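Trainee: To be precise about what I am sending: the file is called structure-v7.pdb and holds PDB, C-alpha atoms.
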```
MODEL        1
ATOM      1  CA  LYS A  13       5.502 -19.625   7.344
ATOM      2  CA  LYS A  14       6.182 -18.999   3.676
ATOM      3  CA  ASP A  15       3.398 -18.813   1.122
ATOM      4  CA  LYS A  16       3.287 -22.218  -0.613
ATOM      5  CA  ASN A  17       3.386 -20.452  -3.980
ATOM      6  CA  PHE A  18       6.591 -18.604  -3.087
ATOM      7  CA  ILE A  19       9.628 -19.459  -5.221
ATOM      8  CA  LYS A  20      13.036 -19.003  -3.640
ATOM      9  CA  GLU A  21      15.405 -16.455  -5.055
ATOM     10  CA  THR A  22      18.191 -17.451  -7.394
ATOM     11  CA  ALA A  23      21.192 -19.270  -5.931
ATOM     12  CA  ASN A  24      23.309 -16.106  -5.824
ATOM     13  CA  ASN A  25      20.496 -14.255  -4.006
ATOM     14  CA  ASN A  26      19.747 -11.912  -6.895
ATOM     15  CA  LEU A  27      16.168 -10.707  -7.025
ATOM     16  CA  TYR A  28      14.033 -11.084 -10.127
ATOM     17  CA  THR A  29      13.049  -8.065 -12.224
ATOM     18  CA  TYR A  30      10.257  -7.319 -14.665
ATOM     19  CA  GLY A  31      12.813  -7.962 -17.422
ATOM     20  CA  ASP A  32      13.270 -11.504 -16.106
ATOM     21  CA  TYR A  33       9.497 -11.884 -15.831
ATOM     22  CA  LEU A  34       9.065 -10.953 -19.499
ATOM     23  CA  SER A  35      11.584 -13.634 -20.534
ATOM     24  CA  TRP A  36       9.717 -16.556 -18.944
ATOM     25  CA  THR A  37       8.038 -18.634 -21.624
ATOM     26  CA  ASP A  38       6.129 -21.315 -19.700
ATOM     27  CA  ASP A  39       2.357 -21.251 -19.385
ATOM     28  CA  ARG A  40       2.276 -20.244 -15.719
ATOM     29  CA  ARG A  41       1.288 -16.810 -14.474
ATOM     30  CA  TYR A  42       3.560 -15.080 -11.987
ATOM     31  CA  GLU A  43       3.741 -12.001  -9.808
ATOM     32  CA  LEU A  44       6.836 -10.293  -8.413
ATOM     33  CA  ILE A  45       6.749  -8.568  -5.050
ATOM     34  CA  ASP A  46      10.022  -6.888  -4.084
ATOM     35  CA  GLY A  47      11.951  -9.178  -6.444
ATOM     36  CA  GLN A  48      10.456 -12.405  -5.108
ATOM     37  CA  VAL A  49       8.403 -14.624  -7.404
ATOM     38  CA  TYR A  50       4.965 -16.031  -6.693
ATOM     39  CA  ILE A  51       3.094 -18.521  -8.870
ATOM     40  CA  MET A  52      -0.507 -17.520  -9.438
ATOM     41  CA  THR A  53      -3.437 -19.908  -9.390
ATOM     42  CA  PRO A  54      -3.483 -21.652 -12.805
ATOM     43  CA  ALA A  55      -7.120 -20.822 -13.571
ATOM     44  CA  PRO A  56      -9.719 -19.077 -11.425
ATOM     45  CA  SER A  57     -12.770 -21.093 -10.354
ATOM     46  CA  PRO A  58     -16.117 -20.519 -12.087
ATOM     47  CA  ARG A  59     -17.346 -18.681  -8.955
ATOM     48  CA  HIS A  60     -14.303 -16.390  -9.045
ATOM     49  CA  GLN A  61     -14.931 -15.692 -12.737
ATOM     50  CA  LYS A  62     -18.638 -14.929 -12.250
ATOM     51  CA  ILE A  63     -17.864 -12.451  -9.479
ATOM     52  CA  SER A  64     -15.144 -10.786 -11.526
ATOM     53  CA  ILE A  65     -17.395 -10.463 -14.578
ATOM     54  CA  GLU A  66     -20.255  -8.994 -12.536
ATOM     55  CA  LEU A  67     -18.005  -6.420 -10.873
ATOM     56  CA  ILE A  68     -16.509  -5.427 -14.230
ATOM     57  CA  ARG A  69     -20.024  -5.239 -15.728
ATOM     58  CA  GLN A  70     -21.273  -2.811 -13.077
ATOM     59  CA  ILE A  71     -18.110  -0.701 -13.206
ATOM     60  CA  SER A  72     -17.828  -0.612 -17.011
ATOM     61  CA  MET A  73     -21.469   0.436 -17.413
ATOM     62  CA  TYR A  74     -20.792   3.382 -15.119
ATOM     63  CA  LEU A  75     -17.518   4.285 -16.851
ATOM     64  CA  PHE A  76     -19.001   4.293 -20.365
ATOM     65  CA  ASP A  77     -18.010   7.625 -21.991
ATOM     66  CA  LYS A  78     -15.899   8.628 -18.972
ATOM     67  CA  GLU A  79     -12.131   9.178 -18.733
ATOM     68  CA  CYS A  80     -11.325   6.302 -16.364
ATOM     69  CA  GLU A  81     -11.060   2.733 -17.655
ATOM     70  CA  VAL A  82     -11.542  -0.664 -16.009
ATOM     71  CA  TYR A  83      -9.350  -3.703 -16.744
ATOM     72  CA  GLY A  84      -9.402  -7.326 -15.648
ATOM     73  CA  ALA A  85      -6.664  -9.909 -15.146
ATOM     74  CA  PRO A  86      -4.366 -10.833 -16.666
ATOM     75  CA  PHE A  87      -3.081  -7.245 -16.782
ATOM     76  CA  ASP A  88       0.372  -6.234 -15.546
ATOM     77  CA  VAL A  89       0.757  -3.440 -13.003
ATOM     78  CA  ILE A  90       4.435  -2.476 -12.775
ATOM     79  CA  PHE A  91       5.690  -0.491  -9.793
ATOM     80  CA  THR A  92       8.973   1.310 -10.458
ATOM     81  CA  LYS A  93      11.071   3.394  -8.073
ATOM     82  CA  GLY A  94      12.143   6.911  -9.067
ATOM     83  CA  ASP A  95      13.667   6.954 -12.556
ATOM     84  CA  GLU A  96      13.956   3.164 -12.682
ATOM     85  CA  LYS A  97      13.172   1.628 -16.085
ATOM     86  CA  SER A  98      10.209  -0.723 -16.093
ATOM     87  CA  VAL A  99      12.410  -3.720 -17.021
ATOM     88  CA  ASP A 100      14.375  -3.154 -13.800
ATOM     89  CA  ALA A 101      11.270  -3.013 -11.580
ATOM     90  CA  LEU A 102      11.170  -5.587  -8.775
ATOM     91  CA  THR A 103       7.387  -5.563  -8.429
ATOM     92  CA  VAL A 104       4.730  -6.509 -10.967
ATOM     93  CA  VAL A 105       1.296  -7.774  -9.982
ATOM     94  CA  GLN A 106      -1.863  -8.824 -11.782
ATOM     95  CA  PRO A 107      -4.877  -7.586  -9.795
ATOM     96  CA  ASP A 108      -8.205  -9.191 -10.628
ATOM     97  CA  ILE A 109      -9.766  -5.802 -11.440
ATOM     98  CA  LEU A 110      -8.339  -2.295 -11.613
ATOM     99  CA  ILE A 111      -9.390   1.194 -12.609
ATOM    100  CA  ILE A 112      -6.961   3.652 -14.191
ATOM    101  CA  CYS A 113      -7.861   7.325 -14.548
ATOM    102  CA  ASP A 114      -4.427   8.649 -15.592
ATOM    103  CA  LYS A 115      -3.955   7.585 -19.233
ATOM    104  CA  ASP A 116      -0.213   8.386 -18.999
ATOM    105  CA  LYS A 117       0.162   5.285 -16.819
ATOM    106  CA  LEU A 118      -1.106   3.022 -19.599
ATOM    107  CA  LYS A 119       1.779   1.462 -21.499
ATOM    108  CA  LYS A 120       2.092  -1.202 -24.169
ATOM    109  CA  ARG A 121       2.351  -4.008 -21.594
ATOM    110  CA  GLY A 122       0.036  -2.713 -18.876
ATOM    111  CA  CYS A 123       0.063  -0.008 -16.206
ATOM    112  CA  GLU A 124       3.177   1.670 -14.813
ATOM    113  CA  GLY A 125       2.406   3.165 -11.430
ATOM    114  CA  ALA A 126      -0.519   2.953  -9.057
ATOM    115  CA  PRO A 127      -4.013   2.385 -10.419
ATOM    116  CA  ASP A 128      -6.685   4.455  -8.689
ATOM    117  CA  PHE A 129      -8.654   1.413  -7.565
ATOM    118  CA  ILE A 130      -7.883  -2.305  -7.220
ATOM    119  CA  ILE A 131     -10.060  -5.312  -6.451
ATOM    120  CA  GLU A 132      -8.620  -8.688  -5.496
ATOM    121  CA  ILE A 133     -10.941 -11.697  -5.384
ATOM    122  CA  ILE A 134      -9.544 -13.905  -2.660
ATOM    123  CA  SER A 135      -8.942 -17.566  -3.399
ATOM    124  CA  PRO A 136      -7.763 -20.145  -0.845
ATOM    125  CA  SER A 137      -4.233 -20.093  -2.298
ATOM    126  CA  SER A 138      -3.890 -16.284  -2.413
ATOM    127  CA  GLY A 139      -5.744 -15.124   0.696
ATOM    128  CA  ALA A 140      -2.740 -14.468   2.934
ATOM    129  CA  ARG A 141      -0.879 -12.627   0.180
ATOM    130  CA  ASP A 142      -3.910 -10.479  -0.724
ATOM    131  CA  ARG A 143      -4.622  -9.611   2.926
ATOM    132  CA  LYS A 144      -1.062  -8.762   3.959
ATOM    133  CA  ASP A 145       1.569  -8.466   1.196
ATOM    134  CA  LYS A 146      -0.643  -6.858  -1.434
ATOM    135  CA  ARG A 147      -2.495  -4.680   1.025
ATOM    136  CA  ASP A 148       0.845  -3.316   2.263
ATOM    137  CA  LEU A 149       2.137  -2.945  -1.303
ATOM    138  CA  TYR A 150      -0.941  -1.070  -2.525
ATOM    139  CA  GLU A 151      -0.862   1.216   0.498
ATOM    140  CA  ARG A 152       2.859   1.947  -0.042
ATOM    141  CA  GLN A 153       2.309   2.639  -3.745
ATOM    142  CA  GLY A 154      -0.644   4.986  -3.186
ATOM    143  CA  VAL A 155      -3.587   2.972  -4.541
ATOM    144  CA  LYS A 156      -6.499   5.131  -3.366
ATOM    145  CA  GLU A 157      -8.999   2.337  -2.861
ATOM    146  CA  TYR A 158      -8.474  -1.396  -2.342
ATOM    147  CA  TRP A 159     -11.293  -3.952  -2.190
ATOM    148  CA  MET A 160     -10.943  -7.609  -1.188
ATOM    149  CA  VAL A 161     -13.818  -9.887  -2.159
ATOM    150  CA  ASP A 162     -14.148 -13.157  -0.229
ATOM    151  CA  TYR A 163     -16.606 -15.390  -2.060
ATOM    152  CA  ASN A 164     -16.433 -18.153   0.547
ATOM    153  CA  GLU A 165     -17.855 -15.744   3.129
ATOM    154  CA  ASN A 166     -19.729 -13.486   0.669
ATOM    155  CA  THR A 167     -18.048 -10.419   2.145
ATOM    156  CA  LEU A 168     -16.310  -7.349   0.801
ATOM    157  CA  GLU A 169     -13.541  -5.576   2.720
ATOM    158  CA  VAL A 170     -12.796  -1.980   1.688
ATOM    159  CA  TYR A 171      -9.626   0.011   2.418
ATOM    160  CA  LEU A 172      -9.349   3.725   1.638
ATOM    161  CA  LEU A 173      -6.143   5.753   1.579
ATOM    162  CA  ASN A 174      -6.374   8.519   4.182
ATOM    163  CA  GLU A 175      -4.678  11.930   4.387
ATOM    164  CA  ASP A 176      -1.574  10.257   5.879
ATOM    165  CA  ASN A 177      -1.346   7.992   2.800
ATOM    166  CA  GLU A 178      -2.260   4.983   4.914
ATOM    167  CA  TYR A 179      -5.146   2.563   4.825
ATOM    168  CA  GLY A 180      -7.287   3.123   7.860
ATOM    169  CA  LYS A 181      -9.466   0.476   9.407
ATOM    170  CA  SER A 182     -11.351  -1.523   6.798
ATOM    171  CA  ALA A 183     -15.113  -1.409   6.311
ATOM    172  CA  VAL A 184     -16.790  -4.789   5.781
ATOM    173  CA  TYR A 185     -19.922  -5.319   3.680
ATOM    174  CA  MET A 186     -22.160  -8.334   3.234
ATOM    175  CA  GLU A 187     -24.261  -9.866   0.494
ATOM    176  CA  GLY A 188     -27.190  -7.559  -0.237
ATOM    177  CA  ASP A 189     -25.346  -4.342   0.627
ATOM    178  CA  LYS A 190     -24.852  -1.528  -1.849
ATOM    179  CA  VAL A 191     -21.326  -0.137  -1.631
ATOM    180  CA  SER A 192     -20.179   3.284  -2.821
ATOM    181  CA  VAL A 193     -16.960   3.437  -4.808
ATOM    182  CA  ASN A 194     -15.100   6.207  -3.011
ATOM    183  CA  ILE A 195     -13.099   7.484  -6.006
ATOM    184  CA  PHE A 196     -16.375   8.387  -7.740
ATOM    185  CA  SER A 197     -19.240  10.464  -6.377
ATOM    186  CA  ASP A 198     -22.126   8.421  -7.727
ATOM    187  CA  LEU A 199     -21.143   4.784  -8.339
ATOM    188  CA  GLU A 200     -22.616   2.081  -6.126
ATOM    189  CA  ILE A 201     -21.881  -1.629  -6.481
ATOM    190  CA  ASP A 202     -24.825  -3.906  -5.694
ATOM    191  CA  LEU A 203     -23.418  -6.950  -3.878
ATOM    192  CA  SER A 204     -26.669  -8.883  -4.261
ATOM    193  CA  TYR A 205     -25.742  -9.295  -7.947
ATOM    194  CA  VAL A 206     -22.037  -9.833  -7.230
ATOM    195  CA  PHE A 207     -22.661 -12.752  -4.858
ATOM    196  CA  ARG A 208     -25.656 -14.189  -6.672
ATOM    197  CA  GLU A 209     -25.233 -17.948  -7.150
TER     198      GLU A 209
ENDMDL
END
```
Have the structure of the file written as structure tokens, please.
Mentor:
Amino acid sequence: KKDKNFIKETANNNLYTYGDYLSWTDDRRYELIDGQVYIMTPAPSPRHQKISIELIRQISMYLFDKECEVYGAPFDVIFTKGDEKSVDALTVVQPDILIICDKDKLKKRGCEGAPDFIIEIISPSSGARDRKDKRDLYERQGVKEYWMVDYNENTLEVYLLNEDNEYGKSAVYMEGDKVSVNIFSDLEIDLSYVFRE
């Protein structure tokens, strides 16, 4: 079953590129995964926004005066292959939250290459894509740590890239837990504040 926000490819079966993406002038937000276009939720719910702000608050306080930087959506992450120019890339996503430690990946329009850490806050319309398509994409691209926040269940699912460059079995945390951010030695996220109503 296709994602309801999936848009079919062009009539001649060409795939869309980041160059195409940059030319779209409507007010919708899109993501490209392997040249296929997905419409993003028009505006996140207040609950989604509160969770995003709280996560960014805790992370940004820790990162103050450090090399790594945290960003929130909308923020383009462009995945190129080899020497491919960014405009020819077939994949561009807008994670809810990301951390970038390699400043060379920061470009005028966003990040080119894998962020070190990504958080997706799951909404009813994006859940299947976040759990399967994006998880597989982030694993393939080498994102070291991937978190999925489900605010309907008040749970956090954490995937870490192992020595085989694969995500092992996820760890699941609940409201009230304190969760270590693996890419740092001393950052803990307090979920009691994240899921606070």
Trainee: Would you kindly translate the PyMOL selection byres ((chain A and resi 155) around 7) into the concrete residues it picks from this file, as a ChimeraX atom specification?
Mentor: /A:126-129,150-151,153-154,156-158
Trainee: Using only C-alpha atoms, which protein or nucleic acid residues come within 10 Å of Ser182 in chain A? Drop anything in the same chain fewer than 2 positions from it, and give the result as an mmCIF file with C-alpha atoms, in the frame of the given file.
Mentor:
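To be explicit, this is the file written out as out-v7.cif:
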```cif
data_model
loop_
_atom_site.group_PDB
_atom_site.id
_atom_site.type_symbol
_atom_site.label_atom_id
_atom_site.label_comp_id
_atom_site.auth_asym_id
_atom_site.auth_seq_id
_atom_site.Cartn_x
_atom_site.Cartn_y
_atom_site.Cartn_z
ATOM 1 C CA TYR A 158 -8.474 -1.396 -2.342
ATOM 2 C CA TRP A 159 -11.293 -3.952 -2.190
ATOM 3 C CA LEU A 168 -16.310 -7.349 0.801
ATOM 4 C CA GLU A 169 -13.541 -5.576 2.720
ATOM 5 C CA VAL A 170 -12.796 -1.980 1.688
ATOM 6 C CA TYR A 171 -9.626 0.011 2.418
ATOM 7 C CA LEU A 172 -9.349 3.725 1.638
ATOM 8 C CA TYR A 179 -5.146 2.563 4.825
ATOM 9 C CA GLY A 180 -7.287 3.123 7.860
ATOM 10 C CA VAL A 184 -16.790 -4.789 5.781
ATOM 11 C CA TYR A 185 -19.922 -5.319 3.680
#
```
Trainee: Expand the PyMOL selection byres ((chain A and resi 123) around 10) into the explicit residue set it covers here, and present it as a list in words.
Mentor: Phe87, Asp88, Val89, Ile90, Phe91, Val104, Leu110, Ile112, Asp114, Lys115, Asp116, Lys117, Leu118, Lys119, Lys120, Arg121, Gly122, Glu124, Gly125, Ala126 and Pro127 of chain A
Trainee: Write the residues of the preceding selection, restricted to C-alpha atoms, as an mmCIF file, keeping the file's coordinate frame.
Mentor:
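File written: part-v4.cif
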```
data_model
loop_
_atom_site.group_PDB
_atom_site.id
_atom_site.type_symbol
_atom_site.label_atom_id
_atom_site.label_comp_id
_atom_site.auth_asym_id
_atom_site.auth_seq_id
_atom_site.Cartn_x
_atom_site.Cartn_y
_atom_site.Cartn_z
ATOM 1 C CA PHE A 87 -3.081 -7.245 -16.782
ATOM 2 C CA ASP A 88 0.372 -6.234 -15.546
ATOM 3 C CA VAL A 89 0.757 -3.440 -13.003
ATOM 4 C CA ILE A 90 4.435 -2.476 -12.775
ATOM 5 C CA PHE A 91 5.690 -0.491 -9.793
ATOM 6 C CA VAL A 104 4.730 -6.509 -10.967
ATOM 7 C CA LEU A 110 -8.339 -2.295 -11.613
ATOM 8 C CA ILE A 112 -6.961 3.652 -14.191
ATOM 9 C CA ASP A 114 -4.427 8.649 -15.592
ATOM 10 C CA LYS A 115 -3.955 7.585 -19.233
ATOM 11 C CA ASP A 116 -0.213 8.386 -18.999
ATOM 12 C CA LYS A 117 0.162 5.285 -16.819
ATOM 13 C CA LEU A 118 -1.106 3.022 -19.599
ATOM 14 C CA LYS A 119 1.779 1.462 -21.499
ATOM 15 C CA LYS A 120 2.092 -1.202 -24.169
ATOM 16 C CA ARG A 121 2.351 -4.008 -21.594
ATOM 17 C CA GLY A 122 0.036 -2.713 -18.876
ATOM 18 C CA GLU A 124 3.177 1.670 -14.813
ATOM 19 C CA GLY A 125 2.406 3.165 -11.430
ATOM 20 C CA ALA A 126 -0.519 2.953 -9.057
ATOM 21 C CA PRO A 127 -4.013 2.385 -10.419
#
```
Trainee: Using the chain letters and numbering of this document, enumerate as a list in words the residues selected by the PyMOL selection byres ((chain A and resi 208) around 12).
Mentor: Arg59, His60, Lys62, Ile63, Glu66, Leu67, Tyr163, Asn166, Glu187, Gly188, Asp202, Leu203, Ser204, Tyr205, Val206, Phe207 and Glu209 of chain A
Trainee: Any idea what the distance is between CA of Gln61 in chain A and CA of Pro86 in chain A?
Mentor: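 Going from CA of Gln61 in chain A over to CA of Pro86 in chain A covers 12.3 Å.
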Trainee: Can you list, as a ChimeraX atom specification, every protein, DNA or RNA residue that comes within 8 Å of Thr53 in chain A when you count only C-alpha atoms, leaving out same-chain residues fewer than 5 positions away?
Mentor: /A:41,137-138
Trainee: Given all atoms listed in the file as the basis, pick out the residue of A:Asp162, A:Asp77, A:Asp176, A:Glu43 nearest to Thr29 in chain A.
Mentor: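 Smallest separation from Thr29 in chain A among the options: A:Glu43.
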Trainee: What is the CA of Glu81 in chain A to CA of Ile195 in chain A distance in Å?
Mentor: 12.7 Å
Trainee: Calculated over only C-alpha atoms, which of the candidates A:Ile71, A:Asp32, A:Val105, A:Asn177 has the smallest distance to Ile51 in chain A?
Mentor: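 Selected residue with least distance to Ile51 in chain A: A:Val105.
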Trainee: Check the smallest atom-to-atom distance from each of A:Val161, A:Pro54, A:Glu178, A:Leu199 to Leu149 in chain A using all atoms listed in the file, then report the winner.
Mentor: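 Among A:Val161, A:Pro54, A:Glu178, A:Leu199, it is A:Glu178 that comes nearest to Leu149 in chain A.
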Trainee: Using only C-alpha atoms, find the one residue out of A:Tyr74, A:Tyr83, A:Tyr50, A:Tyr28 that sits nearest to Arg141 in chain A.
Mentor: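 Closest residue, counting only C-alpha atoms: A:Tyr50.
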Trainee: Can you work out which one of A:Pro58, A:Asp145, A:Tyr33, A:Cys113 has the shortest atom-to-atom distance to Lys78 in chain A, counting only C-alpha atoms?
Mentor: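 So, comparing all the options, the nearest one is A:Cys113.
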Trainee: Which value, in Å to one decimal, gives the distance between CA of Tyr30 in chain A and CA of Ile45 in chain A?
Mentor: 10.3 Å
Trainee: Quick one: of A:Glu96, A:Glu165, A:Asp46, A:Asp189, who's nearest to Asn26 in chain A, counting all atoms listed in the file?
Mentor: A:Asp46
Trainee: Mind writing range 90-143 of chain A to a file for me, with C-alpha atoms, as a CSV table (one decimal), in the first residue's frame?
Mentor:
```
chain,number,residue,atom,x,y,z
A,90,ILE,CA,20.6,16.6,0.8
A,91,PHE,CA,22.1,13.2,0.2
A,92,THR,CA,24.3,13.0,-2.9
A,93,LYS,CA,26.0,10.0,-4.4
A,94,GLY,CA,29.8,10.2,-5.2
A,95,ASP,CA,30.7,13.4,-7.1
A,96,GLU,CA,27.0,14.1,-7.8
A,97,LYS,CA,26.1,17.8,-7.7
A,98,SER,CA,23.5,18.7,-5.0
A,99,VAL,CA,21.0,19.8,-7.7
A,100,ASP,CA,21.1,16.3,-9.2
A,101,ALA,CA,20.5,14.6,-5.8
A,102,LEU,CA,17.4,12.3,-5.7
A,103,THR,CA,17.0,12.5,-2.0
A,104,VAL,CA,16.3,15.5,0.2
A,105,VAL,CA,14.6,15.3,3.6
A,106,GLN,CA,13.6,17.7,6.3
A,107,PRO,CA,14.1,15.9,9.7
A,108,ASP,CA,12.3,17.5,12.7
A,109,ILE,CA,15.7,17.9,14.5
A,110,LEU,CA,19.2,17.2,13.6
A,111,ILE,CA,22.7,17.7,14.9
A,112,ILE,CA,25.7,18.5,12.6
A,113,CYS,CA,29.3,18.3,13.9
A,114,ASP,CA,31.1,18.6,10.6
A,115,LYS,CA,30.8,22.2,9.6
A,116,ASP,CA,31.9,21.3,6.0
A,117,LYS,CA,28.5,19.7,5.5
A,118,LEU,CA,26.7,23.0,6.2
A,119,LYS,CA,25.9,24.7,2.9
A,120,LYS,CA,23.8,27.8,1.9
A,121,ARG,CA,20.6,25.8,1.6
A,122,GLY,CA,21.1,23.2,4.4
A,123,CYS,CA,23.2,20.1,5.0
A,124,GLU,CA,24.9,18.0,2.3
A,125,GLY,CA,25.6,14.5,3.7
A,126,ALA,CA,24.6,12.7,6.8
A,127,PRO,CA,24.0,14.6,10.0
A,128,ASP,CA,25.4,12.9,13.1
A,129,PHE,CA,22.0,12.7,14.8
A,130,ILE,CA,18.4,12.9,13.6
A,131,ILE,CA,15.1,13.0,15.5
A,132,GLU,CA,11.8,12.5,13.8
A,133,ILE,CA,8.6,13.2,15.7
A,134,ILE,CA,6.0,10.8,14.4
A,135,SER,CA,2.7,12.1,13.2
A,136,PRO,CA,-0.2,9.9,12.0
A,137,SER,CA,0.5,10.8,8.4
A,138,SER,CA,4.2,10.2,8.5
A,139,GLY,CA,4.6,7.2,10.9
A,140,ALA,CA,5.1,4.5,8.2
A,141,ARG,CA,7.6,6.6,6.3
A,142,ASP,CA,9.6,7.5,9.5
A,143,ARG,CA,9.6,3.9,10.7
```
